[in-house]
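Worksheet: one structure, shown below.
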Amino acid sequence: MDSTAASTHAYDDVRTSGAPRALATEAVHAGREDLARQGLHAPPIDLSTTYPSYDSRAEAARIDAFAATGAEPDGPPVYGRLGNPTVARFETALARLEGTESAVAFASGMAALSAVLLARASIGLRHVVAVRPLYGCSDHLLTAGLLGSEVTWTDPAGIADALRPDTGLVMVESPANPTLAEVDLRAVAHACGSVPLLADNTFATPVLQRPVEQGARLVLHSATKYLGGHGDVLGGVVACDEEFAGRLRQIRFATGGVLHPLAGYLLLRGLSTLPVRVRAASATAAELARRLAADPRVARVHYPRIGGAMIAFEVDGDPHEVIAGVRLITPAVSLGSVDTLIQHPASISHRIVDERERRGAGVSDRLLRLSVGLEDVEDLWGDLAGALGASGASGTLGESGAMEASVTV
């Protein structure tokens, strides 16, 4: 654990950005630049919930400054809900990877999205324009108005017409969960005008795209997925400019959706291998998508033009039998782990979405979502092929036997 002096040093230094570096280099070094000066190699974990201070007048001034702008307090940490040195390292690293000024971490991806909605609602901008499909719980949070928001669902071409004076946010996910549908982020950002565009970049990660370079103002991640990468940590993060980050920190402080320091440590560690993991899993996924598209037991394959490690495919037979038939692949929710996962969105991740809306967004009852891990492609294909054989597929193609992607796989 950091000493008080070391914590102070780390908390200040990790927020200092240097010259631009390649993504793979940033993934390894961002948030860790101060370690050698402290005589350390691995980042320390600061588990303190509070920190000593003998100057209460100075503390009062720092609290006032935070209340005014949400800027991270200068000097040593104050309290775990205001910020934590270990979490700050992860935030710094993720901001560098996404190409933003700042990033604010939360206890989960849903806590991060909730904070964004609350930040906009707090200034009277409760209306959200969104494009389906989104992650099922994101869809539910917007549709149910659980935070007092009102949503207008539209396709990308209808965004400009859906905007209102009280619109505080436009939200898209590309590639989308679970259909892997893609939107033209640059065109969508243009249609938003002055309204901030929030792009959920969980599936692509900054390895495959950086939405701010295409006009998005906010980038959301369920850090539980690829950023952590090992299925052992929950977290969420929003990458954004410093002005919006300040408001998010104030919301986080008030609502308490903080990321635990140990989770911050695991996420920072996960980032160091993110480019290697995503590229390796993407290569395997592209080959599996090619084989699935050629298999007569598969009606349709969805694989994004941008690539990636996610595949969605519709079977002619019973998708539940495919789930029951895998042996190497893990039938489980979530994604982005080093091991391959498969799930039936209509039963689990998108069950909470209205059935008609779910199907209208392309989430059919025969759709399966595959998160490809780091196993050997032949072992994965053998398991998939066996599970498809157990599904009772008719052997005839559905509406389309071709893979819906323009990439060569």
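We label chains A, B, ... in the order they appear in the structure tokens, count residues from 1 in each chain, and number ligands from 1 in the order shown.
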Pro275 (chain A) surroundings by only C-alpha atoms, 12 Å radius, close-in-sequence under 4 positions cut, as an MDAnalysis selection string:
chainID A and resid 22:28 97 204:209 226:227 229 270:271 279:282 308:309
List as JSON lines every residue of region 185-214 of chain A that is in contact with region 153-164 of chain A, defined as an atom at most 10 Å from one of its atoms (using only C-alpha atoms), together with the nearest atom pair and the distance in Å rounded to one decimal, sorted by chain and then rising number.
```
{"residue": "A:Leu185", "atom": "CA", "partner": "A:Pro156", "partner_atom": "CA", "distance": 9.3}
{"residue": "A:Ala187", "atom": "CA", "partner": "A:Pro156", "partner_atom": "CA", "distance": 8.5}
{"residue": "A:Val188", "atom": "CA", "partner": "A:Pro156", "partner_atom": "CA", "distance": 6.4}
{"residue": "A:Ala189", "atom": "CA", "partner": "A:Ile159", "partner_atom": "CA", "distance": 9.6}
{"residue": "A:His190", "atom": "CA", "partner": "A:Ala160", "partner_atom": "CA", "distance": 8.9}
{"residue": "A:Ala191", "atom": "CA", "partner": "A:Ala160", "partner_atom": "CA", "distance": 5.1}
{"residue": "A:Cys192", "atom": "CA", "partner": "A:Ala160", "partner_atom": "CA", "distance": 6.2}
{"residue": "A:Gly193", "atom": "CA", "partner": "A:Ala160", "partner_atom": "CA", "distance": 8.0}
{"residue": "A:Val195", "atom": "CA", "partner": "A:Leu163", "partner_atom": "CA", "distance": 8.4}
```
Might you pull out every residue within 10 Å of region 251-265 of chain A, with only C-alpha atoms counted and same-chain residues fewer than 5 positions away left off, and present them as a ChimeraX atom specification?
/A:42-49,67,70,79-91,104-108,110-112,114-116,118-119,122,223-224,228,232-237,245-246,270
With C-alpha atoms retained, write the just-selected residues as a compact mmCIF listing (two decimals), in the first residue's frame.
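Below is the file that was written, result14.txt:
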```
# COMPACT_ATOMS: atom_id res chain seq x y z
CA ALA A 42 4.11 -2.64 -10.12
CA PRO A 43 1.48 0.01 -9.32
CA PRO A 44 0.65 0.14 -5.59
CA ILE A 45 -2.88 -0.44 -4.32
CA ASP A 46 -4.14 2.28 -1.97
CA LEU A 47 -7.06 0.88 0.02
CA SER A 48 -7.49 3.86 2.31
CA THR A 49 -11.00 5.21 2.70
CA ALA A 67 -18.13 21.68 -5.11
CA GLY A 70 -15.75 18.94 -9.74
CA TYR A 79 -11.76 10.72 1.08
CA GLY A 80 -12.42 7.59 -0.96
CA ARG A 81 -15.62 8.95 -2.48
CA LEU A 82 -13.79 12.03 -3.77
CA GLY A 83 -11.03 10.04 -5.41
CA ASN A 84 -8.44 7.34 -4.99
CA PRO A 85 -4.83 7.22 -6.28
CA THR A 86 -5.13 3.68 -7.67
CA VAL A 87 -8.37 4.45 -9.49
CA ALA A 88 -6.80 7.68 -10.78
CA ARG A 89 -4.12 5.64 -12.53
CA PHE A 90 -6.76 3.66 -14.42
CA GLU A 91 -8.67 6.82 -15.31
CA VAL A 104 -14.19 9.09 -14.64
CA ALA A 105 -14.53 5.54 -13.32
CA PHE A 106 -17.56 4.01 -11.62
CA ALA A 107 -18.59 0.79 -9.91
CA SER A 108 -20.13 -0.60 -13.11
CA MET A 110 -24.61 1.00 -15.58
CA ALA A 111 -23.44 3.28 -12.77
CA ALA A 112 -21.42 5.20 -15.35
CA SER A 114 -26.62 6.59 -14.76
CA ALA A 115 -24.18 9.34 -13.82
CA VAL A 116 -24.25 10.72 -17.37
CA LEU A 118 -28.14 12.45 -13.93
CA ALA A 119 -25.57 15.03 -15.00
CA SER A 122 -29.56 18.15 -13.26
CA ALA A 223 -14.96 -1.88 -18.08
CA THR A 224 -16.06 -5.29 -16.85
CA GLY A 228 -10.58 -5.85 -17.48
CA ASP A 232 -12.93 -11.00 -12.52
CA VAL A 233 -13.76 -7.32 -12.07
CA LEU A 234 -16.82 -5.05 -12.35
CA GLY A 235 -16.39 -1.46 -13.44
CA GLY A 236 -17.52 1.31 -15.74
CA VAL A 237 -15.87 4.43 -17.11
CA ALA A 245 -15.63 14.97 -16.09
CA GLY A 246 -15.98 17.51 -13.29
CA GLY A 270 -6.01 -5.35 -17.90
```
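CA of Glu355 (chain A) is found 28.9 Å from CA of Gly231 (chain A).
Nearest residue to Ala71 (chain A), choosing from A:Leu35, A:Leu248, A:Ala289, A:Leu266 and counting only C-alpha atoms: A:Leu248.
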Residue nearest Arg249 (chain A) - candidates A:Thr69, A:Thr143, A:Thr340, A:Ser194, atoms counted: only C-alpha atoms
A:Thr69
